[in-house]
Amino acid sequence: MAILVIAEHDNSTLKGATLNAVTAATRMGDDLHLLVAGADCGAVAEAAAKVACVSKVLVADNAAYEYQLAENISRLIAELGKNYSHVVSPATTNGKNFMPRVAALLDVAQLSDITAVDAADTFQRPIYAGNAIATVQSLDAIKVITVRGTAFDAAAAEGGSAAVEVVGSVHDAEISSFVGEEMAVSDRPELTAAKVVISGGRGMGNGENFELLERIADKLGAAVGASRAAVDAGFVPNDMQVGQTGKIVAPELYIAVGISGAIQHLAGMKDSKIIVAINKDEEAPIFSVADYGLVADLFDAVPELESKL
Amino acid sequence: MKVLVTVKRVIDYNVKVRVKSDNTDVDLANVKMALNPFCEIAVEEAVRLKEAGTATEVVVVSIGPKACEEQIRTALALGVDRGIRIETEDSPESLNVAKLLAKVIEEEKPELIIMGKQAIDTDNNQTGQMLGALLDMPQGTFASEVQIDDGKVNVTREVDGGLQTVALNLPAIVTTDLRLNEPRYASLPNIMKAKRKPLDVKNPTDLGVELKAHTQLLKVTPPEERQAGIKVGSIDELVDKLKNEAKVL
Amino acid sequence: MSEYKHPYRDAEFILNELVDFDALCADAGMEDINAELASVILTEAGKLGSDVLAPLNEVGDTQHPQLGESGVQQTAGFAEAYQQFVEGGWNSLTPSEEYGGQNLPNVLGTAVNEIWQSSNLAFALCPLLTQGAIESIAHHGSDELKQTFLPKMVTGEWTGTMNLTEPDAGSDLAAVKTKAVPNGDHYLISGQKIFITWGDHQMTDNVVHLVLARLPDAPPGVKGISLFVVPKFLLDENGNPSARNDAHCVSLEHKLGIHGSPTCVMSFGDNEGAVGYLVGEANKGLAYMFTMMNHARQGVGLQGLAIAERSYQQAVEYAKERLQGTKRDGSRFAIIKFPDVRRMLTQMKASIEAMRGLALIAAAEIDRNQYAKDDSSAQQHNARVELLTPIVKGWLTELAQEVTYLGTQVHGGMGFIEETGSAQHYRDARILTIYEGTTGIQALDLVGRKTLMNDGAHLAELIAEIEVTVSELEASDQFASQGKALREALEEGKTAREWLLRNAPEDAAAAGSISVNFMMMFGYICGGWVMGQSALKAQALLDAGNGDPEFLTAKLATAQFFSEHLLPRVKANLASIQAGSASIMALNEDQF
């Protein structure tokens with residue numbers, strides 16, 4: 001039986017998370033179908049047909065699916081899903097919203113946020129906030145799965161030539177409606193909530209030079225922080241201080257620029273997922289915790305980094 | 001209106017999780033247990049609705065062995081009116097939980113059900129949505145704002161890239177995200193009062209639900225240790241590593 | 001800055017295994033109060049302590065209270081935290097239900113108080129002092145006084161202070177000079193008091209001062225001192241604060257530690273005279289103070305435990321993170337791997353566990369006295385309270401000096417740097433051996449009122465009880481060496497007791513010369529007793545397959561450490577005691 005992958009999209013473009021889910025799905029079986037459910041989503045269907053490894057694209061184009069309301073789309077997916085061995089979605093907030101409903105409608109479990117496929121019925125997934133990895137086997141005939149995108153490479157967006165098939169079923173539960181949305185503007189995020197943090201130390205020389213970091217922050221949607229030394233030197237205000245006596249951060253990516261890495265600073269950022277250090281002193285303690293260290297003059301390296309992002 | 005909240009007993013979020021040496025599970029023997037933080041937010045929201053006069057009664061449900069009554073008592077101490085525990089040996093799978101809750105809800109007929117978006121042990125993020133499907137109720141998941149208005153509830157949801165607001169017919173299910181509210185601390189007088197609030201115990205047979213295994217846990221392993229860092233030679237190499245190896249760009 | 005997490009496992013172990021909390025509650029007729037409820041209460045208190053009070057600890061240390069035109073302005077953030085403390089009803093844990101309290105056992109109040117004191121010692125002094133003031137009024141005040149002041153003090157809406165010390169009357173309260181002159185239905189108080197903890201602040205809309213003063217016709221000395229209630233704001237006919245009373249903070253002390261706690265110089269009656277109300281009968285003020293003394297002194301002993309615990313938590317965290325050793329392959333390891341760091345951390349841990357055990361056992365004796373079924377049982381428990389109190393106060397606070405010292409030492413150079421936060425605990429701990437009766441006063445109390453005055457009978461009873469634990473230890477192969485060590489220490493304790501009873505009548509300087517060694521000696525003996533019981537209970541739980549093996553095996557190790565490394569100090573204490581007063585009194589004053 002084939003595998004049904006649910007496309008993540010906004011009715012105009014196919015989102016990258018779909019491609020990671022496709023890769024995960026290829027490890028569960030060979031025949032992949034991609035469902036594009038939306039309204040006026042023809043362009044998405046076209047893009048979906050080009051994704052490598054996909055043999056068929058199902059398009060359910062109806063106003064009832066415009067905002068992918070879980071109450072409506074879950075019924076559609078459950079109806080289609082009966083004929084598949086696996087129903088797979090990216091673990092985006094969309095997928096997390098409707099997939100458990102699909103599972104319940106099919107009377108099966110959902111395997112959430114998988115990070116590896118060991119076999120067609122056996123998967124790995126993080127539990128306890130990633131402090132342990134569970135290997136779980138599904139006992140259900142239909143496996144409903146959401147996929148953690150960062151755990152799988154993206155499938156090629158081009159190269160496929162899937163057939164496009166229109167799905168006529170319309171499910172409108174009429175119990176929920178879309179009111180509005182407010183998508184994030186470009187303002188920089190809060191230090192403690194940011195996925196990326198770029199911090200400067202005394203090596204920045206003065207407050208004006210922090211603009212070098214701000215430019216990178218704008219490109220990455222990052223927050224800007226500072227070491228205590230930079231705050232004490234008066235370069236920046238103290239609400240920017242990362243460290244034991246400042247803010248504790250644990251972003252996906254922490255870039256330490258011109259920071260030597262005093263213990264108090266490390267205490268405030270050592271739980272970051274990936275740590276990058278740029279410092280001209282190759283003995284700086286920061287390198288002992290950095291995943292990637294670059295020994296360089298920050299005034300050369302930072303503008304270059306900005307230009308290459 | 002009547003509001004129903006659900007709570008789960010989980011490992012305290014401060015406790016460092018250890019995987020058992022035989023890799024069968026994490027070691028939960030004698031670790032400190034607590035109310036799941038997302039459930040705590042659900043309780044807080046329900047209690048606020050009561051304080052605002054919107055809710056007339058708040059009922060809390062938990063599923064599991066007797067020890068779960070500690071978490072029910074905590075919810076009662078935070079201002080919930082009465083508790084129900086559904087007796088099971090350990091913590092059942094989400095779909096079974098949803099089926100048990102569906103039966104309780106058919107009996108209790110609440111107009112609003114508030115649940116945590118996920119439990120911090122299994123990190124599944126499923127039960128509220130499954131319950132919605134079983135009861136054919138609308139859902140507002142990952143809520144950061146809840147407004148009851150004329151037979152409907154408007155839920156602002158934290159979605160990728162921003163916020164989305166949906167209007168749901170009542171009865172409806174809301175699952176909480178972190179920013180919905182800041183839970184209060186239980187006060188000492190309320191802890192004392194909670195001991196006298198009613199707490200009923202039901203079992204799956206009474207509710208006519210047969211618990212079925214849908215998955216099997218094969219093993220639990222610790223995550224990979226942090227790799228020792230490397231030095232890169234250039235910005236190009238750094239960008240390449242961040243994009244293709246660390247996948248954070 | 002360090003985080004604080006309540007060591008709930010040790011607290012619950014002691015409450016259940018050493019204090020037998022459930023039996024205590026049942027004997028006291030407290031239905032529904034049991035270990036399970038205690039656990040919930042400790043958990044919730046722990047949250048408030050960790051999340052709200054602990055983060056303000058360092059703030060109070062660096063942003064001191066300021067004296068302005070409208071009085072003392074407390075450290076920023078303290079008022080909001082206090083509000084949360086009051087809203088949580090935490091002030092009402094032990095007071096009687098009659099005044100809105102929860103009437104929970106003192107031992108539970110003590111266990112909860114450890115959380116506040118560890119989280120933020122300077123802050124927690126405020127409710128601690130209120131507690132003392134509540135007790136004074138509840139025990140000795142008229143019904144009118146109780147109804148007027150207690151309900152708001154029990155909720156914490158008003159705080160209380162204790163105004164005893166004067167520039168010329170510290171340990172010697174007989175020298176109190178503050179005057180109280182009858183004036184209709186009240187008295188006018190005038191005089192100056194110093195070292196008044198939380199004497200003024202803006203966190204509540206009233207502050208209730210309890211003030212020791214002399215009536216015009218009072219006999220001289222200790223028998224002429226009366227106790228008065230002097231509110232910061234006088235109350236209107238509805239009992240609400242209205243006119244400002246003539247009681248003001250005129251200066252704030254600059255101190256070594258507990259900076260977040262305003263230590264006030266209070267001036268009463270600078271203008272029209274401060275309105276005060278007599279508590280109980282005239283000239284009995286000092287006697288009233290004595291009835292509260294056990295509780296207050298045990299409270300300060302508990303502070304010693306609490307600050308030691310905070311210092312320990314910070315030291316452990318640092319020792320696990322600080323990389324200073326280098327292996328052959330060039331990789332580095334944390335300092336906790338070094339035996340000497342282990343020595344310090346284990347000593348801290350073993351000391352703290354013994355301190356906590358003794359503090360809670362002594363606190364439970366207050367309950368057992370209060371709820372005793374008959375007079376002889378009440379007398380027995382009262383004697384034990386009287387005996388243990390100076391040890392709890394003196395030994396725990398002295399040990400706290402050593403533990404906080406070690407906490408800083410573990411940090412190496414970083415411990416000397418204020419930013420690390422360890423230094424604050426070291427400084428904050430320093431007051432504890434001084435206020436509420438110095439170590440010297442505690443020791444004198446132990447050898448004098450608590451031992452010589454009953455010919456050592458109460459101490460003999462304690463020794464007999466410890467002997468039971470010794471026998472249990474000796475009877476077990478596993479703990480035989482611990483039993484032997486405790487037996488030796490106990491024999492040395494007996495020798496010291498006999499030495500005291502024999503020499504005190506003959507040498508006027510004997511008791512005073514040996515007192516601190518005597519007090520410390522019995523502190524270590526009690527510590528060995530507590531840890532011996534702990535080891536037996538921990539092994540029993542392990543044998544039964546109950547409880548967390550990680551915690552219980554650690555308990556076995558700390559008990560062994562205590563027996564091997566701390567209990568032998570008793571030998572040195574005895575040697576010093578047996579040397580008597582000769583060299584201590586040998587120099588003439590000019591030779592100093």
# chains A, B, ... in the order shown; residues from 1 in each chain; ligands from 1
$ interface_residues --of "chain A" --to "chain B" --cutoff "6 Å" --atoms "only C-alpha atoms" --output "ChimeraX atom specification"
/A:93,100-101,104,109,112,127-128,132-140,175-184,290-294,305
$ residues_around --residues "C:Thr420" --least-positions-apart "4" --cutoff "12 Å" --atoms "only C-alpha atoms" --output "JSON, numbers by chain"
{"A": [243, 244, 245, 262, 263, 264, 265, 267], "C": [1, 2, 3, 58, 311, 314, 315, 317, 318, 407, 408, 410, 411, 412, 413, 414, 415, 416, 424, 425, 426]}
$ write_last_selection --atoms "C-alpha atoms" --output "mmCIF file, in the first residue's frame"
data_model
loop_
_atom_site.group_PDB
_atom_site.id
_atom_site.type_symbol
_atom_site.label_atom_id
_atom_site.label_comp_id
_atom_site.auth_asym_id
_atom_site.auth_seq_id
_atom_site.Cartn_x
_atom_site.Cartn_y
_atom_site.Cartn_z
ATOM 1 C CA GLY A 243 25.080 34.957 31.672
ATOM 2 C CA GLN A 244 24.747 33.850 35.222
ATOM 3 C CA THR A 245 23.734 37.297 36.406
ATOM 4 C CA ALA A 262 34.082 33.554 31.325
ATOM 5 C CA ILE A 263 32.330 30.931 33.433
ATOM 6 C CA GLN A 264 29.521 33.329 34.227
ATOM 7 C CA HIS A 265 28.846 33.820 30.547
ATOM 8 C CA ALA A 267 26.475 29.437 32.512
ATOM 9 C CA MET C 1 23.561 34.011 41.697
ATOM 10 C CA SER C 2 22.435 30.501 42.432
ATOM 11 C CA GLU C 3 19.153 28.763 42.100
ATOM 12 C CA GLU C 58 21.108 38.746 45.603
ATOM 13 C CA SER C 311 25.634 27.648 50.299
ATOM 14 C CA GLN C 314 25.668 26.639 45.142
ATOM 15 C CA ALA C 315 28.980 24.899 45.895
ATOM 16 C CA GLU C 317 26.638 23.331 41.241
ATOM 17 C CA TYR C 318 29.944 25.104 40.901
ATOM 18 C CA GLY C 407 31.001 26.785 50.310
ATOM 19 C CA THR C 408 33.186 29.739 49.491
ATOM 20 C CA VAL C 410 35.011 25.191 47.089
ATOM 21 C CA HIS C 411 34.767 28.134 44.690
ATOM 22 C CA GLY C 412 38.447 28.982 45.048
ATOM 23 C CA GLY C 413 39.196 32.514 43.879
ATOM 24 C CA MET C 414 35.740 32.807 42.380
ATOM 25 C CA GLY C 415 34.301 32.430 45.867
ATOM 26 C CA PHE C 416 35.966 35.656 46.912
ATOM 27 C CA GLN C 424 26.880 36.535 50.291
ATOM 28 C CA HIS C 425 25.959 33.340 52.118
ATOM 29 C CA TYR C 426 29.209 33.501 54.063
#
$ interface_residues --of "chain C" --to "chain B" --cutoff "8 Å" --atoms "only C-alpha atoms" --output "PyMOL selection string"
chain C and resi 32+40-41+44+47-48+87-90+93+102+547-548
$ write_last_selection --atoms "C-alpha atoms" --output "PDB file, in the first residue's frame"
ATOM      1  CA  ASP C  32      -6.431  14.989  58.131  1.00  0.00           C
ATOM      2  CA  VAL C  40       1.978  19.031  49.229  1.00  0.00           C
ATOM      3  CA  ILE C  41       2.562  22.025  51.495  1.00  0.00           C
ATOM      4  CA  GLU C  44       3.955  24.528  47.048  1.00  0.00           C
ATOM      5  CA  LYS C  47       7.769  26.806  44.376  1.00  0.00           C
ATOM      6  CA  LEU C  48       7.216  30.205  45.926  1.00  0.00           C
ATOM      7  CA  GLU C  87      -1.719  36.009  49.416  1.00  0.00           C
ATOM      8  CA  GLY C  88      -0.442  32.467  49.706  1.00  0.00           C
ATOM      9  CA  GLY C  89      -1.489  32.512  53.354  1.00  0.00           C
ATOM     10  CA  TRP C  90       1.983  31.342  54.367  1.00  0.00           C
ATOM     11  CA  LEU C  93       0.655  28.224  58.923  1.00  0.00           C
ATOM     12  CA  GLN C 102      -4.167  27.059  60.118  1.00  0.00           C
ATOM     13  CA  GLY C 547      12.241   4.687  48.786  1.00  0.00           C
ATOM     14  CA  ASP C 548      14.839   5.992  46.420  1.00  0.00           C
TER      15      ASP C 548
END
$ residues_around --residues "C:Ile137" --least-positions-apart "2" --cutoff "12 Å" --atoms "only C-alpha atoms" --output "ChimeraX atom specification"
/C:95,99,130-135,139-151,153-154,160-162,208-211,227-230,277-280,285,288-289,291-292
$ write_last_selection --atoms "C-alpha atoms" --output "short mmCIF file (atom, residue, chain, number, x, y, z; two decimals), in the first residue's frame"
data_model
loop_
_atom_site.label_atom_id
_atom_site.label_comp_id
_atom_site.auth_asym_id
_atom_site.auth_seq_id
_atom_site.Cartn_x
_atom_site.Cartn_y
_atom_site.Cartn_z
CA PRO C 95 -1.02 30.36 64.41
CA TYR C 99 -7.11 34.35 64.67
CA THR C 130 6.10 38.79 62.89
CA GLN C 131 5.73 35.23 64.14
CA GLY C 132 7.50 36.15 67.37
CA ALA C 133 5.30 39.19 67.86
CA ILE C 134 2.16 37.14 67.22
CA GLU C 135 3.21 34.65 69.87
CA HIS C 139 0.28 34.19 74.95
CA HIS C 140 0.21 37.26 77.11
CA GLY C 141 -2.03 39.94 75.62
CA SER C 142 -5.57 40.80 76.71
CA ASP C 143 -8.46 39.59 74.59
CA GLU C 144 -8.92 43.12 73.31
CA LEU C 145 -5.30 43.34 72.24
CA LYS C 146 -5.52 39.95 70.55
CA GLN C 147 -8.69 40.79 68.66
CA THR C 148 -7.31 44.15 67.61
CA PHE C 149 -3.94 43.08 66.29
CA LEU C 150 -3.69 39.35 65.75
CA PRO C 151 -5.98 38.71 62.77
CA MET C 153 -0.73 39.93 61.82
CA VAL C 154 -1.66 36.31 61.22
CA GLY C 160 5.61 42.67 63.74
CA THR C 161 8.92 43.66 65.30
CA MET C 162 10.70 42.94 68.54
CA VAL C 208 3.24 46.37 65.11
CA HIS C 209 6.19 46.97 67.44
CA LEU C 210 6.59 45.03 70.65
CA VAL C 211 8.66 47.20 72.95
CA LEU C 227 6.09 44.76 77.37
CA PHE C 228 4.08 47.10 75.15
CA VAL C 229 2.43 47.01 71.78
CA VAL C 230 3.26 50.15 69.83
CA TYR C 277 -0.59 49.30 75.10
CA LEU C 278 0.57 47.12 77.95
CA VAL C 279 0.84 43.42 77.16
CA GLY C 280 -0.28 41.32 80.12
CA GLY C 285 7.97 41.82 80.16
CA TYR C 288 7.18 37.01 78.71
CA MET C 289 10.18 37.24 76.44
CA THR C 291 8.36 32.11 77.12
CA MET C 292 8.97 32.85 73.44
#
$ closest_residue --among "A:Leu14, A:Ala157, A:Leu4, A:Asp118" --to "A:Ala43" --atoms "only C-alpha atoms"
A:Leu14
$ atom_distance --atom1 "atom CA of C:Asn113" --atom2 "atom CA of C:Leu128"
8.4 Å
$ closest_residue --among "C:Gly421, C:Gly71, C:Gly184, C:Gly523" --to "chain A" --atoms "only C-alpha atoms"
C:Gly421
$ residues_around --residues "C:Leu53" --least-positions-apart "6" --cutoff "10 Å" --atoms "only C-alpha atoms" --output "list of chain:residue names"
C:Tyr4, C:Gly46, C:Lys47, C:Gly77, C:Phe78, C:Ala81, C:Tyr82, C:Gln84, C:Phe85, C:Ile115, C:Trp116, C:Gln117, C:Ser118, C:Ser119, C:Asn120, C:Leu121, C:Phe123, C:Ala124
$ residues_around --residues "A:Ala63" --least-positions-apart "3" --cutoff "8 Å" --atoms "only C-alpha atoms" --output "ChimeraX atom specification"
/A:38-39,66
$ select_by_dssp --residues "stretch 104-207 of chain B" --states "alpha helix (DSSP H)" --output "MDAnalysis selection string"
chainID B and resid 104:108 127:135 188:194 204:207
$ atom_distance --atom1 "atom CA of C:Asp205" --atom2 "atom CA of C:Asn240"
9.2 Å
$ residues_around --residues "C:Val181" --least-positions-apart "3" --cutoff "10 Å" --atoms "only C-alpha atoms" --output "JSON list (two decimals) with N, CA and C atoms, in the first residue's frame"
[["chain", "number", "residue", "atom", "x", "y", "z"],
["C", 184, "GLY", "N", -4.08, 57.76, 80.50],
["C", 184, "GLY", "CA", -5.43, 57.30, 80.20],
["C", 184, "GLY", "C", -5.45, 55.80, 79.95],
["C", 186, "HIS", "N", -3.90, 54.20, 77.78],
["C", 186, "HIS", "CA", -2.67, 53.70, 77.16],
["C", 186, "HIS", "C", -1.44, 54.25, 77.88],
["C", 187, "TYR", "N", -0.31, 54.01, 77.30],
["C", 187, "TYR", "CA", 0.95, 54.52, 77.86],
["C", 187, "TYR", "C", 1.66, 55.34, 76.81],
["C", 188, "LEU", "N", 2.50, 56.26, 77.26],
["C", 188, "LEU", "CA", 3.34, 56.99, 76.31],
["C", 188, "LEU", "C", 4.77, 56.46, 76.46],
["C", 189, "ILE", "N", 5.29, 55.98, 75.34],
["C", 189, "ILE", "CA", 6.59, 55.34, 75.35],
["C", 189, "ILE", "C", 7.63, 56.32, 74.82],
["C", 190, "SER", "N", 8.77, 56.38, 75.47],
["C", 190, "SER", "CA", 9.86, 57.19, 74.91],
["C", 190, "SER", "C", 11.20, 56.52, 75.16],
["C", 213, "ALA", "N", 9.90, 48.27, 77.96],
["C", 213, "ALA", "CA", 10.12, 49.59, 78.57],
["C", 213, "ALA", "C", 9.82, 49.51, 80.07],
["C", 214, "ARG", "N", 10.21, 50.58, 80.77],
["C", 214, "ARG", "CA", 10.03, 50.62, 82.23],
["C", 214, "ARG", "C", 8.94, 51.61, 82.60],
["C", 215, "LEU", "N", 8.07, 51.19, 83.53],
["C", 215, "LEU", "CA", 7.10, 52.12, 84.11],
["C", 215, "LEU", "C", 7.82, 53.00, 85.12],
["C", 216, "PRO", "N", 7.26, 54.19, 85.40],
["C", 216, "PRO", "CA", 7.95, 55.13, 86.33],
["C", 216, "PRO", "C", 8.24, 54.52, 87.69],
["C", 217, "ASP", "N", 7.30, 53.68, 88.19],
["C", 217, "ASP", "CA", 7.50, 53.13, 89.53],
["C", 217, "ASP", "C", 8.09, 51.73, 89.52],
["C", 273, "GLY", "N", 5.08, 61.66, 72.10],
["C", 273, "GLY", "CA", 5.11, 60.40, 72.85],
["C", 273, "GLY", "C", 4.43, 59.31, 72.04],
["C", 275, "VAL", "N", 2.21, 56.15, 71.49],
["C", 275, "VAL", "CA", 1.13, 55.47, 72.18],
["C", 275, "VAL", "C", 1.42, 53.97, 72.21],
["C", 276, "GLY", "N", 1.37, 53.41, 73.42],
["C", 276, "GLY", "CA", 1.61, 51.97, 73.55],
["C", 276, "GLY", "C", 0.58, 51.34, 74.46]]
$ residues_around --residues "A:Pro189" --least-positions-apart "3" --cutoff "12 Å" --atoms "only C-alpha atoms" --output "list of chain:residue names"
A:Ala184, A:Val185, A:Ser186, A:Thr192, A:Ala193, A:Ala194, A:Lys195, A:Val196, A:Val197, A:Ile198, A:Glu214, A:Ala217, A:Asp218, A:Leu220, A:Gly221, A:Ala222, A:Ala223, A:Val224, A:Gly225, A:Pro251, B:Gly161, B:Gly162
$ atom_distance --atom1 "atom CA of B:Leu112" --atom2 "atom CA of B:Gly83"
16.0 Å
$ closest_residue --among "C:Pro105, C:Gly170, C:Pro127, C:Gly330" --to "chain A" --atoms "only C-alpha atoms"
C:Gly330
